[in-house]
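Heads up, the thing below is written out as structure tokens.
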Amino acid sequence: MAHATHAKQLPADLSAPALVDGWRNRALVVGVIFAVLAIILAFLGQAQDPEHLGWDHFLRAWTLGLMVTWGFAVGGLAMLMVQYCSGGKWGLLLRRPLEAMSRTLPLVFVYWLVVAVFMKRLFLWANYPTDSSTAAGVKAGLLSEIEKHSIDFKRPMLNSFAFWWVSILCFAIWAFYMWHLNRLGLQRDADGPETTPHWIKRLENISGPGLVIYAFTMTAASIYWVMSMDVKWFSTVYGLLFLVEQGFQVLALGIVVTLSLSKEEPVQTILRRTEQHDLGKLTFGFVMLNIYLTFGQFLIIWSGNLPLEINWYLDRIRGGWGVIITLDFIFHWLIPFTMLLSRDLKRNKKRLIRVCQFMIFAVAFNQFWLIEPNFPDAARNLHFSWGILEYIAVPVAMMGIWVAYFCMELKKRPLVQVNDPHLAEILEPEHAIA
């Protein structure tokens with residue numbers, strides 16, 4: 001005998017539960033504690049390091065924190081546009097967290113300002129604004145001939161003015177899409193269900209071109225902020241690597257937030273195992289694409305064996321860095337890949353949350369491997385000092401403050417968008433009881 005099944009009903013209160021306030025408070029405390037620790041470590045490093053690199057390590061670690069938080073803010077905006085273009089019930093679960101991620105862009109801009117102001121301590125090219133200065137640098141033994149040639153050749157792009165105006169233009173474009181899509185999201189809620197086809201078409205028309213613009217601006221930012229730290233090296237797939245990694249980390253954070261919110265209403269009502277499983281499969285796809293592009297870049301450069309290209313990898317393999325790249329492979333691909341292969345894991349909330357939390361850590365670990373060996377004191381020379389500890393303290397402090405800001409934004413809107421074509425379907429029971 002078949003038992004009747006009825007659609008679930010949304011609760012009257014669709015706002016974020018009180019546990020989000022707890023997340024915010026704990027994140028803020030962690031951010032403040034690690035910020036104080038990071039400053040202490042910088043002073044200790046400056047005093048004990050014979051080359052006085054304490055604050056240089058602080059700025060390198062700051063760049064790591066910038067890249068991770070930027071990945072959440074801009075990647076969240078991009079994933080929001082992907083959802084508007086592709087549709088799917090998973091968007092009903094992630095839309096509000098993605099909007100909140102995108103609205104943290106002002107904080108990321110403040111983080112970037114620190115890098116821009118102190119660019120001379122991070123970017124070799126910023127110290128040599130003219131051809132004569134690079135020639136003087138070679139005579140003083142501060143530059144090699146290859147570095148001089150690279151800086152002079154790339155000077156139309158690698159100069160302080162271009163760094164500022166390109167970055168500010170990118171932030172302005174991201175801010176426009178952030179404001180526009182978030183504004184339209186609220187307007188869509190205010191309209192009746194008969195306007196749904198209009199909103200689907202309108203958001204698709206905005207998001208389609210927006211994704212193309214995102215790809216170009218995100219590539220420009222990743223080149224200026226990280227790749228240009230090594231003036232001799234370049235990769236045509238570099239921006240795409242950051243694009244895929246942003247999807248990797250945004251989905252991981254989105255799953256952590258959504259599954260954690262499902263302990264209480266209203267997410268408890270709309271989260272089904274089917275959509276949870278779908279989110280796990282989508283994340284698995286980004287894990288696969290990430291290793292495909294990363295290994296493809298390595299294979300092409302390694303097989304070409306050109307001095308200007310292969311040295312970038314040698315700086316990150318030799319002198320102890322082989323341990324880091326091995327761990328990066330294990331953290332960034334092997335563990336997420338093997339875990340997310342399991343159907344049962346993708347349907348288990350606690351296990352899926354743990355895997356996604358680990359994936360966020362893996363993103364930060366990978367950024368360390370990308371950033372630190374760009375500098376002469378670290379290339380092919382993995383060594384432990386106060387500066388290495390700053391790679392923990394500074395990003396954790398920045399992430400703590402970012403998470404607190406994210407929680408504030410998440411509280412500003414209802415967690416469920418009621419004018420969504422998939423709402424009725426997602427409220428249906430998953431299986432009839434026979």
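Here's how to read the names in the structure tokens: chain A, B, ... by the order shown, residue numbers from 1 in each chain, ligand numbers from 1 in the order shown.
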
Fewer than 2 positions away in the same chain doesn't count, so skip those; otherwise give me all residues within 8 Å of Arg60 of chain A, counting only C-alpha atoms, as a PDB file with N, CA and C atoms, in the first residue's frame.
```pdb
ATOM      1  N   ASP A  56      59.127  41.685   4.633  1.00  0.00           N
ATOM      2  CA  ASP A  56      58.955  41.143   3.291  1.00  0.00           C
ATOM      3  C   ASP A  56      58.161  39.838   3.340  1.00  0.00           C
ATOM      4  N   HIS A  57      58.491  38.972   4.289  1.00  0.00           N
ATOM      5  CA  HIS A  57      57.722  37.733   4.451  1.00  0.00           C
ATOM      6  C   HIS A  57      56.275  38.045   4.819  1.00  0.00           C
ATOM      7  N   PHE A  58      56.076  39.059   5.625  1.00  0.00           N
ATOM      8  CA  PHE A  58      54.714  39.479   5.984  1.00  0.00           C
ATOM      9  C   PHE A  58      53.925  39.844   4.734  1.00  0.00           C
ATOM     10  N   TRP A  62      50.769  38.167   3.051  1.00  0.00           N
ATOM     11  CA  TRP A  62      49.585  39.002   2.791  1.00  0.00           C
ATOM     12  C   TRP A  62      49.070  38.754   1.375  1.00  0.00           C
ATOM     13  N   THR A  63      49.985  38.626   0.424  1.00  0.00           N
ATOM     14  CA  THR A  63      49.583  38.340  -0.956  1.00  0.00           C
ATOM     15  C   THR A  63      48.865  37.001  -1.040  1.00  0.00           C
ATOM     16  N   LEU A  64      49.343  36.015  -0.285  1.00  0.00           N
ATOM     17  CA  LEU A  64      48.661  34.719  -0.241  1.00  0.00           C
ATOM     18  C   LEU A  64      47.232  34.892   0.265  1.00  0.00           C
ATOM     19  N   LEU A 122      57.670  43.542  -3.328  1.00  0.00           N
ATOM     20  CA  LEU A 122      57.140  42.275  -3.838  1.00  0.00           C
ATOM     21  C   LEU A 122      57.509  42.008  -5.291  1.00  0.00           C
ATOM     22  N   ILE A 371      53.756  31.322  -4.683  1.00  0.00           N
ATOM     23  CA  ILE A 371      54.255  32.658  -4.354  1.00  0.00           C
ATOM     24  C   ILE A 371      55.681  32.650  -3.807  1.00  0.00           C
ATOM     25  N   GLU A 372      55.958  31.877  -2.778  1.00  0.00           N
ATOM     26  CA  GLU A 372      57.226  31.990  -2.055  1.00  0.00           C
ATOM     27  C   GLU A 372      58.473  31.745  -2.920  1.00  0.00           C
ATOM     28  N   TYR A 391      53.314  32.742   7.018  1.00  0.00           N
ATOM     29  CA  TYR A 391      52.437  32.187   5.993  1.00  0.00           C
ATOM     30  C   TYR A 391      51.236  31.465   6.601  1.00  0.00           C
TER      31      TYR A 391
END
```

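Near segment 419-421 of chain A, within 10 Å and counting only C-alpha atoms, sit Gly87, Gly88, Lys89, Gly91, Leu92, Gly185, Gln187, Arg188, Asp189, Ala190, Asp191, Gly192, Pro193, Glu194, Thr195, Thr196, Pro197, Trp199, Ile200, Val416, Gln417, Leu423, Ala424, Glu425 and Ile426 of chain A; same-chain residues fewer than 2 positions away were not included.
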
Residues of the last selection are to be written out with N, CA and C atoms, as a PDB file, in the first residue's frame.
```pdb
ATOM      1  N   GLY A  87      21.195  27.325 -14.972  1.00  0.00           N
ATOM      2  CA  GLY A  87      20.006  26.877 -14.266  1.00  0.00           C
ATOM      3  C   GLY A  87      20.346  25.742 -13.310  1.00  0.00           C
ATOM      4  N   GLY A  88      19.355  25.020 -12.864  1.00  0.00           N
ATOM      5  CA  GLY A  88      19.583  23.895 -11.961  1.00  0.00           C
ATOM      6  C   GLY A  88      19.158  24.212 -10.537  1.00  0.00           C
ATOM      7  N   LYS A  89      18.723  23.151  -9.836  1.00  0.00           N
ATOM      8  CA  LYS A  89      18.231  23.337  -8.475  1.00  0.00           C
ATOM      9  C   LYS A  89      19.346  23.684  -7.501  1.00  0.00           C
ATOM     10  N   GLY A  91      21.383  25.957  -7.672  1.00  0.00           N
ATOM     11  CA  GLY A  91      21.459  27.404  -7.527  1.00  0.00           C
ATOM     12  C   GLY A  91      20.579  27.928  -6.408  1.00  0.00           C
ATOM     13  N   LEU A  92      19.461  27.243  -6.163  1.00  0.00           N
ATOM     14  CA  LEU A  92      18.572  27.662  -5.074  1.00  0.00           C
ATOM     15  C   LEU A  92      19.257  27.500  -3.718  1.00  0.00           C
ATOM     16  N   GLY A 185      18.759  40.487  -7.931  1.00  0.00           N
ATOM     17  CA  GLY A 185      18.318  39.368  -7.107  1.00  0.00           C
ATOM     18  C   GLY A 185      17.224  39.767  -6.145  1.00  0.00           C
ATOM     19  N   GLN A 187      15.196  42.436  -6.579  1.00  0.00           N
ATOM     20  CA  GLN A 187      14.026  42.800  -7.376  1.00  0.00           C
ATOM     21  C   GLN A 187      13.251  41.565  -7.815  1.00  0.00           C
ATOM     22  N   ARG A 188      13.976  40.506  -8.132  1.00  0.00           N
ATOM     23  CA  ARG A 188      13.322  39.264  -8.554  1.00  0.00           C
ATOM     24  C   ARG A 188      12.462  38.701  -7.435  1.00  0.00           C
ATOM     25  N   ASP A 189      12.936  38.782  -6.217  1.00  0.00           N
ATOM     26  CA  ASP A 189      12.148  38.308  -5.073  1.00  0.00           C
ATOM     27  C   ASP A 189      10.864  39.105  -4.890  1.00  0.00           C
ATOM     28  N   ALA A 190      10.936  40.386  -5.202  1.00  0.00           N
ATOM     29  CA  ALA A 190       9.785  41.262  -4.984  1.00  0.00           C
ATOM     30  C   ALA A 190       8.684  41.049  -6.009  1.00  0.00           C
ATOM     31  N   ASP A 191       9.033  40.508  -7.189  1.00  0.00           N
ATOM     32  CA  ASP A 191       8.041  40.293  -8.239  1.00  0.00           C
ATOM     33  C   ASP A 191       7.301  38.970  -8.039  1.00  0.00           C
ATOM     34  N   GLY A 192       6.193  38.834  -8.726  1.00  0.00           N
ATOM     35  CA  GLY A 192       5.400  37.621  -8.623  1.00  0.00           C
ATOM     36  C   GLY A 192       5.946  36.501  -9.492  1.00  0.00           C
ATOM     37  N   PRO A 193       5.437  35.279  -9.308  1.00  0.00           N
ATOM     38  CA  PRO A 193       5.934  34.120 -10.075  1.00  0.00           C
ATOM     39  C   PRO A 193       5.690  34.241 -11.569  1.00  0.00           C
ATOM     40  N   GLU A 194       4.718  35.055 -11.982  1.00  0.00           N
ATOM     41  CA  GLU A 194       4.464  35.189 -13.425  1.00  0.00           C
ATOM     42  C   GLU A 194       5.611  35.892 -14.157  1.00  0.00           C
ATOM     43  N   THR A 195       6.499  36.557 -13.415  1.00  0.00           N
ATOM     44  CA  THR A 195       7.626  37.260 -14.038  1.00  0.00           C
ATOM     45  C   THR A 195       8.873  36.385 -14.145  1.00  0.00           C
ATOM     46  N   THR A 196       8.793  35.127 -13.712  1.00  0.00           N
ATOM     47  CA  THR A 196       9.977  34.254 -13.687  1.00  0.00           C
ATOM     48  C   THR A 196      10.642  34.116 -15.057  1.00  0.00           C
ATOM     49  N   PRO A 197       9.895  33.850 -16.157  1.00  0.00           N
ATOM     50  CA  PRO A 197      10.565  33.751 -17.466  1.00  0.00           C
ATOM     51  C   PRO A 197      11.334  35.018 -17.837  1.00  0.00           C
ATOM     52  N   TRP A 199      12.777  37.126 -15.759  1.00  0.00           N
ATOM     53  CA  TRP A 199      13.997  37.216 -14.962  1.00  0.00           C
ATOM     54  C   TRP A 199      15.043  36.206 -15.412  1.00  0.00           C
ATOM     55  N   ILE A 200      14.618  35.022 -15.794  1.00  0.00           N
ATOM     56  CA  ILE A 200      15.577  34.018 -16.277  1.00  0.00           C
ATOM     57  C   ILE A 200      16.310  34.543 -17.512  1.00  0.00           C
ATOM     58  N   VAL A 416      16.435  31.883   1.166  1.00  0.00           N
ATOM     59  CA  VAL A 416      15.748  31.202   0.068  1.00  0.00           C
ATOM     60  C   VAL A 416      15.135  32.241  -0.849  1.00  0.00           C
ATOM     61  N   GLN A 417      15.403  32.111  -2.138  1.00  0.00           N
ATOM     62  CA  GLN A 417      14.802  33.013  -3.124  1.00  0.00           C
ATOM     63  C   GLN A 417      13.461  32.416  -3.544  1.00  0.00           C
ATOM     64  N   LEU A 423      11.757  25.987  -6.985  1.00  0.00           N
ATOM     65  CA  LEU A 423      11.383  25.913  -5.577  1.00  0.00           C
ATOM     66  C   LEU A 423      10.336  24.830  -5.330  1.00  0.00           C
ATOM     67  N   ALA A 424       9.314  24.759  -6.154  1.00  0.00           N
ATOM     68  CA  ALA A 424       8.256  23.759  -5.956  1.00  0.00           C
ATOM     69  C   ALA A 424       8.822  22.342  -6.049  1.00  0.00           C
ATOM     70  N   GLU A 425       9.734  22.137  -6.992  1.00  0.00           N
ATOM     71  CA  GLU A 425      10.308  20.799  -7.171  1.00  0.00           C
ATOM     72  C   GLU A 425      11.186  20.404  -5.987  1.00  0.00           C
ATOM     73  N   ILE A 426      11.969  21.356  -5.481  1.00  0.00           N
ATOM     74  CA  ILE A 426      12.902  21.026  -4.410  1.00  0.00           C
ATOM     75  C   ILE A 426      12.166  20.808  -3.083  1.00  0.00           C
TER      76      ILE A 426
END
```

Rank A:Arg413, A:His180, A:Arg351, A:Arg316 by their smallest atom-to-atom distance to Pro376 of chain A, using only C-alpha atoms, and report the top residue only.
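For Pro376 of chain A, the nearest of the candidates is A:Arg316.
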
Proximity to Leu314 of chain A - best of A:Lys139, A:His198, A:Arg380, A:Arg183, only C-alpha atoms:
A:Arg380

Backbone-only DSSP, alpha helix (DSSP H) members of segment 83-257 of chain A, as a ChimeraX atom specification
/A:83-86,90-102,105-117,131-139,145-153,160-190,196-225,238-257

With a distance cut-off of 12 Å and only C-alpha atoms, select the neighbouring residues of Ala35 of chain A, excluding the residue or stretch itself and same-chain residues fewer than 6 positions from it, and output the selection as a ChimeraX atom specification.
/A:27-29,41-42,58,61-62,65,390-401

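Checking A:Phe171, A:Phe331, A:Phe163, A:Phe153 one by one against Thr217 of chain A, counting only C-alpha atoms, you find the shortest gap at A:Phe171.
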
Who sits within 12 Å of Leu282 of chain A, only C-alpha atoms, same chain under 6 positions skipped, as a PyMOL selection string:
chain A and resi 79+83+88+90-91+247-252+254-255+275-276+288-289+340-341+346

Might you pull out every residue within 10 Å of Val74 of chain A, with only C-alpha atoms counted and same-chain residues fewer than 2 positions away left off, and present them as a list in words?
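Residues near the query, excluding close chain neighbours: Thr69, Trp70, Gly71, Phe72, Gly76, Leu77, Ala78, Met79, Leu80, Leu98, Met101, Ser102, Arg103, Thr104, Leu105, Val108, Phe171, Trp174, Ala175, Met178, Tyr214, Met218, Leu243, Gln246, Gly247 and Val250 of chain A.
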
Requested write-out: N, CA and C atoms of the selected residues, as a compact mmCIF listing (two decimals), in the first residue's frame:
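So the final result, stored in result31.txt, reads:
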```txt
# COMPACT_ATOMS: atom_id res chain seq x y z
N THR A 69 41.23 35.12 -0.54
CA THR A 69 39.97 35.85 -0.33
C THR A 69 39.44 36.43 -1.64
N TRP A 70 40.34 36.88 -2.50
CA TRP A 70 39.92 37.34 -3.84
C TRP A 70 39.26 36.21 -4.61
N GLY A 71 39.80 35.00 -4.48
CA GLY A 71 39.20 33.85 -5.15
C GLY A 71 37.78 33.60 -4.70
N PHE A 72 37.50 33.80 -3.41
CA PHE A 72 36.14 33.62 -2.92
C PHE A 72 35.21 34.73 -3.42
N GLY A 76 33.05 33.72 -6.39
CA GLY A 76 31.64 33.63 -6.02
C GLY A 76 30.76 34.37 -7.00
N LEU A 77 31.23 35.53 -7.45
CA LEU A 77 30.50 36.29 -8.46
C LEU A 77 30.41 35.51 -9.76
N ALA A 78 31.52 34.90 -10.16
CA ALA A 78 31.53 34.12 -11.41
C ALA A 78 30.62 32.90 -11.30
N MET A 79 30.66 32.20 -10.18
CA MET A 79 29.81 31.01 -10.02
C MET A 79 28.34 31.40 -9.99
N LEU A 80 28.03 32.59 -9.47
CA LEU A 80 26.65 33.09 -9.51
C LEU A 80 26.21 33.27 -10.96
N LEU A 98 26.58 32.66 -2.50
CA LEU A 98 27.39 33.22 -3.59
C LEU A 98 27.25 34.74 -3.66
N MET A 101 29.31 36.13 -0.86
CA MET A 101 30.74 36.11 -1.21
C MET A 101 31.10 37.28 -2.11
N SER A 102 30.27 37.53 -3.11
CA SER A 102 30.58 38.61 -4.04
C SER A 102 30.57 39.97 -3.35
N ARG A 103 29.74 40.14 -2.33
CA ARG A 103 29.63 41.43 -1.66
C ARG A 103 30.79 41.68 -0.68
N THR A 104 31.71 40.72 -0.55
CA THR A 104 32.92 40.97 0.24
C THR A 104 34.01 41.65 -0.58
N LEU A 105 33.70 42.00 -1.82
CA LEU A 105 34.71 42.61 -2.70
C LEU A 105 35.33 43.88 -2.11
N VAL A 108 38.22 42.89 0.00
CA VAL A 108 39.33 42.39 -0.83
C VAL A 108 40.08 43.56 -1.47
N PHE A 171 38.71 45.88 -10.61
CA PHE A 171 37.84 46.00 -9.43
C PHE A 171 36.56 46.75 -9.77
N TRP A 174 34.27 44.31 -11.65
CA TRP A 174 33.70 43.32 -10.72
C TRP A 174 32.66 43.97 -9.81
N ALA A 175 32.96 45.19 -9.37
CA ALA A 175 32.02 45.89 -8.48
C ALA A 175 30.70 46.18 -9.20
N MET A 178 28.85 42.90 -9.38
CA MET A 178 28.41 42.57 -8.02
C MET A 178 27.16 43.37 -7.66
N TYR A 214 34.69 38.41 -17.01
CA TYR A 214 35.35 37.87 -15.82
C TYR A 214 36.63 37.13 -16.17
N MET A 218 40.02 38.49 -14.60
CA MET A 218 40.65 37.61 -13.63
C MET A 218 42.04 37.18 -14.10
N LEU A 243 41.21 30.50 -12.72
CA LEU A 243 39.76 30.41 -12.94
C LEU A 243 39.21 29.11 -12.38
N GLN A 246 39.35 28.93 -8.58
CA GLN A 246 38.30 29.70 -7.93
C GLN A 246 37.00 28.90 -7.86
N GLY A 247 36.66 28.19 -8.94
CA GLY A 247 35.49 27.31 -8.88
C GLY A 247 35.66 26.22 -7.84
N VAL A 250 35.34 28.00 -4.31
CA VAL A 250 34.01 28.58 -4.09
C VAL A 250 32.98 27.48 -3.83
```

Pick from A:Leu253, A:Val363, A:Leu308, A:Val110 nearest to Glu147 of chain A, counting only C-alpha atoms
A:Leu308

Any idea what's packed within 8 Å of Leu261 of chain A, counting only C-alpha atoms, ignoring anything in its chain fewer than 6 positions away? Could you give it as an MDAnalysis selection string?
chainID A and resid 17 267:268

Include C-alpha atoms and write out the residues we just selected as a PDB file, in the first residue's frame.
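Saved result, result_16.pdb, follows:
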```pdb
ATOM      1  CA  PRO A  17      19.582  31.484  11.733  1.00  0.00           C
ATOM      2  CA  VAL A 267      17.785  25.476   4.553  1.00  0.00           C
ATOM      3  CA  GLN A 268      16.767  22.333   6.431  1.00  0.00           C
TER       4      GLN A 268
END
```

Please list as a list in words every residue within 12 Å of Ser342 of chain A, counting only C-alpha atoms and excluding residues in the same chain fewer than 6 positions away.
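The residues satisfying every condition are His277, Gly280, Lys281, Phe284, Ile335, Pro336, Asn348, Arg351, Leu352 and Val355 of chain A.
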
Can you spit out the residues from that selection as a PDB file, in the first residue's frame, using N, CA and C atoms?
```
ATOM      1  N   HIS A 277      24.181  15.627  -3.353  1.00  0.00           N
ATOM      2  CA  HIS A 277      24.993  14.754  -4.198  1.00  0.00           C
ATOM      3  C   HIS A 277      25.424  15.475  -5.467  1.00  0.00           C
ATOM      4  N   GLY A 280      28.294  17.769  -4.775  1.00  0.00           N
ATOM      5  CA  GLY A 280      29.530  16.998  -4.652  1.00  0.00           C
ATOM      6  C   GLY A 280      30.082  16.592  -6.003  1.00  0.00           C
ATOM      7  N   LYS A 281      29.207  16.212  -6.932  1.00  0.00           N
ATOM      8  CA  LYS A 281      29.664  15.830  -8.273  1.00  0.00           C
ATOM      9  C   LYS A 281      30.217  17.031  -9.032  1.00  0.00           C
ATOM     10  N   PHE A 284      33.619  17.686  -7.736  1.00  0.00           N
ATOM     11  CA  PHE A 284      34.516  16.655  -8.268  1.00  0.00           C
ATOM     12  C   PHE A 284      34.981  17.011  -9.682  1.00  0.00           C
ATOM     13  N   ILE A 335      43.765  13.600  -2.507  1.00  0.00           N
ATOM     14  CA  ILE A 335      42.786  13.401  -1.427  1.00  0.00           C
ATOM     15  C   ILE A 335      41.381  13.813  -1.864  1.00  0.00           C
ATOM     16  N   PRO A 336      41.170  15.042  -2.433  1.00  0.00           N
ATOM     17  CA  PRO A 336      39.804  15.365  -2.885  1.00  0.00           C
ATOM     18  C   PRO A 336      39.284  14.402  -3.946  1.00  0.00           C
ATOM     19  N   ASN A 348      26.871  12.111   2.671  1.00  0.00           N
ATOM     20  CA  ASN A 348      27.062  12.218   4.114  1.00  0.00           C
ATOM     21  C   ASN A 348      27.496  13.644   4.440  1.00  0.00           C
ATOM     22  N   ARG A 351      30.980  14.186   6.476  1.00  0.00           N
ATOM     23  CA  ARG A 351      32.171  13.829   5.701  1.00  0.00           C
ATOM     24  C   ARG A 351      32.397  14.788   4.541  1.00  0.00           C
ATOM     25  N   LEU A 352      31.321  15.169   3.875  1.00  0.00           N
ATOM     26  CA  LEU A 352      31.462  16.098   2.755  1.00  0.00           C
ATOM     27  C   LEU A 352      31.959  17.458   3.243  1.00  0.00           C
ATOM     28  N   VAL A 355      35.759  17.171   3.853  1.00  0.00           N
ATOM     29  CA  VAL A 355      36.522  17.166   2.602  1.00  0.00           C
ATOM     30  C   VAL A 355      36.597  18.577   2.016  1.00  0.00           C
TER      31      VAL A 355
END
```

Name the closest residue to Ile388 of chain A among the candidates A:Leu14, A:Ala135, A:Trp369, A:Arg272; distances are taken between atoms, counting only C-alpha atoms.
A:Trp369
